[in-house]
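Source file: start.json; contents: JSON, C-alpha atoms.
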[["chain", "number", "residue", "atom", "x", "y", "z"],
["E", 1, "MET", "CA", -40.29, -76.11, 42.18],
["E", 2, "LYS", "CA", -37.01, -76.60, 40.32],
["E", 3, "SER", "CA", -38.49, -79.49, 38.32],
["E", 4, "MET", "CA", -41.51, -77.35, 37.39],
["E", 5, "LEU", "CA", -39.27, -74.50, 36.23],
["E", 6, "SER", "CA", -37.03, -76.79, 34.15],
["E", 7, "HIS", "CA", -40.15, -78.35, 32.57],
["E", 8, "LYS", "CA", -41.41, -74.89, 31.52],
["E", 9, "ILE", "CA", -37.98, -73.98, 30.12],
["E", 10, "ARG", "CA", -37.80, -77.28, 28.22],
["E", 11, "LYS", "CA", -41.30, -76.72, 26.82],
["E", 12, "ALA", "CA", -40.42, -73.15, 25.73],
["E", 13, "LEU", "CA", -37.19, -74.40, 24.14],
["E", 14, "VAL", "CA", -39.04, -77.10, 22.16],
["E", 15, "CYS", "CA", -41.52, -74.49, 20.98],
["E", 16, "LEU", "CA", -38.72, -72.15, 19.96],
["E", 17, "VAL", "CA", -36.90, -74.92, 18.07],
["E", 18, "GLY", "CA", -40.17, -75.84, 16.30],
["E", 19, "ILE", "CA", -40.69, -72.25, 15.19],
["E", 20, "ALA", "CA", -37.08, -72.09, 14.00],
["E", 21, "VAL", "CA", -37.51, -75.28, 11.92],
["E", 22, "VAL", "CA", -40.65, -73.89, 10.26],
["E", 23, "CYS", "CA", -38.85, -70.60, 9.49],
["E", 24, "VAL", "CA", -35.82, -72.37, 8.05],
["E", 25, "CYS", "CA", -38.02, -74.62, 5.89],
["E", 26, "SER", "CA", -40.02, -71.66, 4.54],
["E", 27, "SER", "CA", -39.14, -69.58, 1.54],
["E", 28, "GLY", "CA", -40.83, -67.27, -0.91],
["E", 29, "CYS", "CA", -40.03, -65.06, -3.86],
["E", 30, "THR", "CA", -41.76, -62.72, -6.28],
["E", 31, "LYS", "CA", -39.99, -61.65, -9.44],
["E", 32, "ARG", "CA", -41.05, -59.30, -12.18],
["E", 33, "ILE", "CA", -41.11, -61.21, -15.46],
["E", 34, "GLY", "CA", -41.62, -58.21, -17.68],
["E", 35, "ASP", "CA", -43.29, -54.94, -18.63],
["E", 36, "PHE", "CA", -45.26, -54.69, -21.87],
["E", 37, "SER", "CA", -46.77, -51.70, -23.67],
["E", 38, "ILE", "CA", -49.73, -53.64, -25.09],
["E", 39, "VAL", "CA", -50.90, -57.23, -24.52],
["E", 40, "SER", "CA", -53.89, -59.00, -26.01],
["E", 41, "THR", "CA", -55.00, -62.59, -26.45],
["E", 42, "GLY", "CA", -57.45, -61.64, -29.21],
["E", 43, "ALA", "CA", -57.54, -59.26, -32.19],
["E", 44, "PRO", "CA", -58.14, -55.64, -31.11],
["E", 45, "GLN", "CA", -59.42, -53.23, -33.78],
["E", 46, "PHE", "CA", -56.96, -50.32, -33.55],
["E", 47, "ALA", "CA", -57.33, -49.05, -37.13],
["E", 48, "SER", "CA", -60.51, -47.00, -36.61],
["E", 49, "VAL", "CA", -60.17, -46.11, -32.92],
["E", 50, "LYS", "CA", -60.02, -42.45, -31.86],
["E", 51, "ASN", "CA", -61.09, -42.51, -28.19],
["E", 52, "VAL", "CA", -60.45, -45.64, -26.18],
["E", 53, "PRO", "CA", -62.00, -46.21, -22.72],
["E", 54, "VAL", "CA", -59.45, -47.57, -20.24],
["E", 55, "ALA", "CA", -60.03, -49.18, -16.83],
["E", 56, "LYS", "CA", -57.05, -48.61, -14.52],
["E", 57, "ALA", "CA", -54.94, -51.22, -12.68],
["E", 58, "ILE", "CA", -56.96, -54.40, -13.20],
["E", 59, "GLU", "CA", -55.29, -57.44, -11.63],
["E", 60, "ALA", "CA", -55.68, -61.21, -12.01],
["E", 61, "THR", "CA", -53.76, -64.23, -10.70],
["E", 62, "ASP", "CA", -53.53, -67.86, -11.78],
["E", 63, "GLY", "CA", -51.69, -70.29, -9.52],
["E", 64, "ARG", "CA", -51.55, -73.78, -8.08],
["E", 65, "PHE", "CA", -50.69, -75.53, -4.82],
["E", 66, "TRP", "CA", -48.32, -78.45, -4.40],
["E", 67, "PHE", "CA", -48.06, -81.08, -1.68],
["E", 68, "LEU", "CA", -44.53, -82.52, -1.67],
["E", 69, "PHE", "CA", -43.93, -82.91, -5.42],
["E", 70, "ILE", "CA", -47.58, -83.57, -6.33],
["E", 71, "PRO", "CA", -49.43, -80.68, -8.04],
["E", 72, "LEU", "CA", -52.98, -80.20, -6.72],
["E", 73, "GLN", "CA", -54.24, -78.18, -9.71],
["E", 74, "SER", "CA", -53.34, -77.56, -13.33],
["E", 75, "ALA", "CA", -50.25, -75.48, -14.11],
["E", 76, "PRO", "CA", -50.58, -71.69, -13.97],
["E", 77, "ASN", "CA", -51.26, -70.30, -17.44],
["E", 78, "LEU", "CA", -50.20, -66.79, -18.44],
["E", 79, "GLN", "CA", -52.76, -66.56, -21.25],
["E", 80, "GLU", "CA", -55.55, -67.53, -18.84],
["E", 81, "THR", "CA", -54.38, -64.83, -16.43],
["E", 82, "VAL", "CA", -54.47, -62.16, -19.15],
["E", 83, "ASP", "CA", -57.93, -63.37, -20.23],
["E", 84, "ARG", "CA", -59.19, -63.05, -16.63],
["E", 85, "CYS", "CA", -58.00, -59.42, -16.56],
["E", 86, "LEU", "CA", -59.71, -58.67, -19.87],
["E", 87, "ASP", "CA", -62.95, -60.33, -18.72],
["E", 88, "GLN", "CA", -63.03, -58.31, -15.49],
["E", 89, "ALA", "CA", -63.38, -55.04, -17.39],
["E", 90, "GLY", "CA", -64.88, -56.30, -20.65],
["E", 91, "GLY", "CA", -61.94, -55.12, -22.75],
["E", 92, "ASP", "CA", -59.96, -56.65, -25.59],
["E", 93, "TYR", "CA", -56.42, -55.44, -24.86],
["E", 94, "MET", "CA", -54.20, -54.32, -21.97],
["E", 95, "GLU", "CA", -51.81, -51.35, -21.73],
["E", 96, "ARG", "CA", -48.88, -50.76, -19.37],
["E", 97, "VAL", "CA", -48.83, -54.42, -18.35],
["E", 98, "ARG", "CA", -46.68, -55.79, -15.52],
["E", 99, "ILE", "CA", -46.28, -59.55, -15.13],
["E", 100, "TYR", "CA", -45.03, -61.16, -11.91],
["E", 101, "GLU", "CA", -44.21, -64.74, -10.95],
["E", 102, "THR", "CA", -44.65, -65.68, -7.29],
["E", 103, "GLY", "CA", -43.66, -68.81, -5.42],
["E", 104, "TRP", "CA", -43.49, -69.84, -1.80],
["E", 105, "SER", "CA", -43.01, -73.00, 0.24],
["E", 106, "ILE", "CA", -43.73, -73.93, 3.85],
["E", 107, "LEU", "CA", -42.55, -77.37, 4.91],
["E", 108, "LEU", "CA", -44.45, -79.78, 2.60],
["E", 109, "PHE", "CA", -46.74, -77.25, 0.88],
["E", 110, "SER", "CA", -45.84, -74.96, -2.03],
["E", 111, "TYR", "CA", -47.58, -72.42, -4.25],
["E", 112, "GLY", "CA", -46.66, -70.89, -7.60],
["E", 113, "ALA", "CA", -48.57, -68.24, -9.56],
["E", 114, "TYR", "CA", -48.57, -65.63, -12.32],
["E", 115, "THR", "CA", -50.02, -62.19, -11.62],
["E", 116, "VAL", "CA", -50.88, -59.72, -14.38],
["E", 117, "ILE", "CA", -51.62, -56.04, -13.67],
["E", 118, "GLY", "CA", -52.53, -53.49, -16.32],
["E", 119, "ASP", "CA", -54.97, -50.99, -17.76],
["E", 120, "ILE", "CA", -57.78, -52.54, -19.81],
["E", 121, "GLY", "CA", -58.94, -50.95, -23.05],
["E", 122, "ASN", "CA", -61.76, -51.71, -25.43],
["E", 123, "SER", "CA", -60.83, -50.97, -29.04],
["E", 124, "LYS", "CA", -64.37, -51.68, -30.20],
["E", 125, "LEU", "CA", -65.58, -48.68, -28.10],
["E", 126, "GLY", "CA", -68.06, -50.79, -26.17],
["E", 127, "SER", "CA", -68.66, -50.12, -22.52],
["E", 128, "LEU", "CA", -66.32, -51.50, -19.88],
["E", 129, "LYS", "CA", -67.76, -53.70, -17.12],
["E", 130, "THR", "CA", -65.77, -52.11, -14.31],
["E", 131, "GLU", "CA", -67.08, -49.23, -12.23],
["E", 132, "GLU", "CA", -63.57, -47.91, -11.56],
["E", 133, "LYS", "CA", -62.41, -44.60, -13.01],
["E", 134, "VAL", "CA", -62.33, -44.65, -16.80],
["E", 135, "ASN", "CA", -60.06, -42.33, -18.72],
["E", 136, "ILE", "CA", -60.40, -41.56, -22.42],
["E", 137, "TYR", "CA", -57.13, -41.62, -24.37],
["E", 138, "GLN", "CA", -56.54, -40.26, -27.83],
["E", 139, "VAL", "CA", -54.88, -42.89, -30.05],
["E", 140, "ARG", "CA", -52.73, -41.48, -32.88]]

Final structure tokens representation of the file:
Amino acid sequence: MKSMLSHKIRKALVCLVGIAVVCVCSSGCTKRIGDFSIVSTGAPQFASVKNVPVAKAIEATDGRFWFLFIPLQSAPNLQETVDRCLDQAGGDYMERVRIYETGWSILLFSYGAYTVIGDIGNSKLGSLKTEEKVNIYQVR
């Protein structure tokens, strides 16, 4: 009976130490890189715009995984992330843009990414692809 009890305690202790090692070897962080009034990777036509359709809070992420020090994908690209946001709503510029960088690591695996969140506008007054609420803003 005593041997059985000490075996269960030893097994629980090993499990607890294993969980502690994983927790100690894990880390993660998200930091805000910046806030921008307007971002575009193309050439929006603002000169003749009076009413601009805007899709609210569109988000895109570009990231990659690592194993040890070996990257498993190409490096995250901020321009590609902005382009993904613009493509989601069919716009050509972003307003009220927030850019975040995220990274985490668990034992031998890691991940790093850029996330872009903003309102998408179409200066050419075409329709937006998104079915989210669209507000019309007066540009002066």

Counting all atoms listed in the file, what are the residues of region 17-47 of chain E within 12 Å of region 79-89 of chain E, and for each of them which pair of atoms is the nearest and at what distance in Å, to one decimal? Sort the table by chain and rising number, as JSON lines.
{"residue": "E:Ile38", "atom": "CA", "partner": "E:Val82", "partner_atom": "CA", "distance": 11.4}
{"residue": "E:Val39", "atom": "CA", "partner": "E:Val82", "partner_atom": "CA", "distance": 8.1}
{"residue": "E:Ser40", "atom": "CA", "partner": "E:Val82", "partner_atom": "CA", "distance": 7.6}
{"residue": "E:Thr41", "atom": "CA", "partner": "E:Gln79", "partner_atom": "CA", "distance": 6.9}
{"residue": "E:Gly42", "atom": "CA", "partner": "E:Asp83", "partner_atom": "CA", "distance": 9.2}
{"residue": "E:Pro44", "atom": "CA", "partner": "E:Leu86", "partner_atom": "CA", "distance": 11.7}

Atoms to include: C-alpha atoms. Write the selected residues as a compact mmCIF listing (two decimals), in the coordinates of the input.
# COMPACT_ATOMS: atom_id res chain seq x y z
CA ILE E 38 -49.73 -53.64 -25.09
CA VAL E 39 -50.90 -57.23 -24.52
CA SER E 40 -53.89 -59.00 -26.01
CA THR E 41 -55.00 -62.59 -26.45
CA GLY E 42 -57.45 -61.64 -29.21
CA PRO E 44 -58.14 -55.64 -31.11

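Each of E:Val17, E:Ala113, E:Cys29, E:Ala57 was compared to Ser74 (chain E) using only C-alpha atoms, and E:Ala113 turns out to be the nearest.
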
What's around Gly63 (chain E) at 12 Å? Count all atoms listed in the file, leave out sequence neighbours fewer than 3 positions away in its own chain, and write the answer as a PDB file with C-alpha atoms, keeping the file's coordinate frame.
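Contents of result18.pdb, freshly written:
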ATOM      1  CA  ALA E  60     -55.680 -61.210 -12.010  1.00  0.00           C
ATOM      2  CA  TRP E  66     -48.320 -78.450  -4.400  1.00  0.00           C
ATOM      3  CA  PRO E  71     -49.430 -80.680  -8.040  1.00  0.00           C
ATOM      4  CA  LEU E  72     -52.980 -80.200  -6.720  1.00  0.00           C
ATOM      5  CA  GLN E  73     -54.240 -78.180  -9.710  1.00  0.00           C
ATOM      6  CA  SER E  74     -53.340 -77.560 -13.330  1.00  0.00           C
ATOM      7  CA  ALA E  75     -50.250 -75.480 -14.110  1.00  0.00           C
ATOM      8  CA  PRO E  76     -50.580 -71.690 -13.970  1.00  0.00           C
ATOM      9  CA  ASN E  77     -51.260 -70.300 -17.440  1.00  0.00           C
ATOM     10  CA  LEU E  78     -50.200 -66.790 -18.440  1.00  0.00           C
ATOM     11  CA  GLU E  80     -55.550 -67.530 -18.840  1.00  0.00           C
ATOM     12  CA  THR E  81     -54.380 -64.830 -16.430  1.00  0.00           C
ATOM     13  CA  TYR E 100     -45.030 -61.160 -11.910  1.00  0.00           C
ATOM     14  CA  GLU E 101     -44.210 -64.740 -10.950  1.00  0.00           C
ATOM     15  CA  THR E 102     -44.650 -65.680  -7.290  1.00  0.00           C
ATOM     16  CA  GLY E 103     -43.660 -68.810  -5.420  1.00  0.00           C
ATOM     17  CA  TRP E 104     -43.490 -69.840  -1.800  1.00  0.00           C
ATOM     18  CA  SER E 110     -45.840 -74.960  -2.030  1.00  0.00           C
ATOM     19  CA  TYR E 111     -47.580 -72.420  -4.250  1.00  0.00           C
ATOM     20  CA  GLY E 112     -46.660 -70.890  -7.600  1.00  0.00           C
ATOM     21  CA  ALA E 113     -48.570 -68.240  -9.560  1.00  0.00           C
ATOM     22  CA  TYR E 114     -48.570 -65.630 -12.320  1.00  0.00           C
ATOM     23  CA  THR E 115     -50.020 -62.190 -11.620  1.00  0.00           C
ATOM     24  CA  VAL E 116     -50.880 -59.720 -14.380  1.00  0.00           C
TER      25      VAL E 116
END

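Take CA of Val21 (chain E) and CA of Ile106 (chain E): the distance between them is 10.3 Å.
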
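Closest approach to Asp92 (chain E) among E:Asp62, E:Phe69, E:Ala55, E:Ile117 is made by E:Ala55 (distances from all atoms listed in the file).
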
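Separating CA of Ile58 (chain E) from CA of Ser105 (chain E) is a distance of 26.9 Å.
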
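Pairwise distance (CA of Gln45 (chain E), CA of Ile99 (chain E)) equals 23.7 Å.
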
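Nearest residue to Phe65 (chain E) among E:His7, E:Ile120, E:Leu16, E:Leu108 is E:Leu108, counting all atoms listed in the file.
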
Using only C-alpha atoms, which of E:Gly91, E:Lys11, E:Gly118, E:Ile19 sits nearest Ser37 (chain E)?
-> E:Gly118

Mind working out the centre and edge lengths of an axis-aligned box for region 113-123 of chain E, all listed atoms inside, 5 Å added to each side, rounded to one decimal in Å and written as lines of an AutoDock Vina configuration file?
center_x = -55.2
center_y = -59.6
center_z = -19.3
size_x = 23.2
size_y = 27.3
size_z = 29.5

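Shortest atom-to-atom contact with Tyr93 (chain E) among E:Leu107, E:Ile70, E:Val14, E:Ala43: E:Ala43, counting only C-alpha atoms.
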
Please rebuild region 16-41 of chain E with N, CA and C atoms and give the result as a short mmCIF file (atom, residue, chain, number, x, y, z; two decimals), in the frame of the given file.
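What ended up in part-v4.cif:
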data_model
loop_
_atom_site.label_atom_id
_atom_site.label_comp_id
_atom_site.auth_asym_id
_atom_site.auth_seq_id
_atom_site.Cartn_x
_atom_site.Cartn_y
_atom_site.Cartn_z
N LEU E 16 -39.62 -73.04 20.69
CA LEU E 16 -38.72 -72.15 19.96
C LEU E 16 -38.00 -72.89 18.84
N VAL E 17 -37.56 -74.12 19.10
CA VAL E 17 -36.90 -74.92 18.07
C VAL E 17 -37.91 -75.26 16.96
N GLY E 18 -39.14 -75.56 17.30
CA GLY E 18 -40.17 -75.84 16.30
C GLY E 18 -40.42 -74.64 15.40
N ILE E 19 -40.49 -73.48 15.98
CA ILE E 19 -40.69 -72.25 15.19
C ILE E 19 -39.48 -72.02 14.29
N ALA E 20 -38.30 -72.27 14.79
CA ALA E 20 -37.08 -72.09 14.00
C ALA E 20 -37.05 -73.05 12.81
N VAL E 21 -37.47 -74.30 13.01
CA VAL E 21 -37.51 -75.28 11.92
C VAL E 21 -38.50 -74.84 10.84
N VAL E 22 -39.67 -74.37 11.23
CA VAL E 22 -40.65 -73.89 10.26
C VAL E 22 -40.09 -72.70 9.48
N CYS E 23 -39.43 -71.78 10.16
CA CYS E 23 -38.85 -70.60 9.49
C CYS E 23 -37.75 -71.00 8.51
N VAL E 24 -36.91 -71.94 8.91
CA VAL E 24 -35.82 -72.37 8.05
C VAL E 24 -36.36 -73.12 6.83
N CYS E 25 -37.44 -73.85 6.99
CA CYS E 25 -38.02 -74.62 5.89
C CYS E 25 -39.03 -73.81 5.08
N SER E 26 -39.10 -72.53 5.27
CA SER E 26 -40.02 -71.66 4.54
C SER E 26 -39.22 -70.74 3.62
N SER E 27 -39.78 -70.53 2.45
CA SER E 27 -39.14 -69.58 1.54
C SER E 27 -40.20 -69.01 0.62
N GLY E 28 -39.90 -67.88 0.02
CA GLY E 28 -40.83 -67.27 -0.91
C GLY E 28 -40.12 -66.23 -1.76
N CYS E 29 -40.65 -66.00 -2.95
CA CYS E 29 -40.03 -65.06 -3.86
C CYS E 29 -41.05 -64.56 -4.86
N THR E 30 -40.97 -63.29 -5.20
CA THR E 30 -41.76 -62.72 -6.28
C THR E 30 -40.79 -62.00 -7.20
N LYS E 31 -40.87 -62.33 -8.48
CA LYS E 31 -39.99 -61.65 -9.44
C LYS E 31 -40.82 -61.09 -10.58
N ARG E 32 -40.38 -59.96 -11.07
CA ARG E 32 -41.05 -59.30 -12.18
C ARG E 32 -40.56 -59.94 -13.48
N ILE E 33 -41.47 -60.55 -14.22
CA ILE E 33 -41.11 -61.21 -15.46
C ILE E 33 -40.91 -60.19 -16.57
N GLY E 34 -41.79 -59.19 -16.63
CA GLY E 34 -41.62 -58.21 -17.68
C GLY E 34 -42.66 -57.11 -17.65
N ASP E 35 -42.38 -56.07 -18.42
CA ASP E 35 -43.29 -54.94 -18.63
C ASP E 35 -43.59 -54.89 -20.12
N PHE E 36 -44.86 -54.71 -20.47
CA PHE E 36 -45.26 -54.69 -21.87
C PHE E 36 -46.12 -53.46 -22.14
N SER E 37 -45.96 -52.86 -23.30
CA SER E 37 -46.77 -51.70 -23.67
C SER E 37 -48.20 -52.11 -23.95
N ILE E 38 -48.39 -53.15 -24.76
CA ILE E 38 -49.73 -53.64 -25.09
C ILE E 38 -49.71 -55.16 -25.11
N VAL E 39 -50.73 -55.78 -24.52
CA VAL E 39 -50.90 -57.23 -24.52
C VAL E 39 -52.34 -57.54 -24.87
N SER E 40 -52.54 -58.55 -25.70
CA SER E 40 -53.89 -59.00 -26.01
C SER E 40 -53.84 -60.47 -26.36
N THR E 41 -54.90 -61.20 -26.05
CA THR E 41 -55.00 -62.59 -26.45
C THR E 41 -55.99 -62.74 -27.59
#
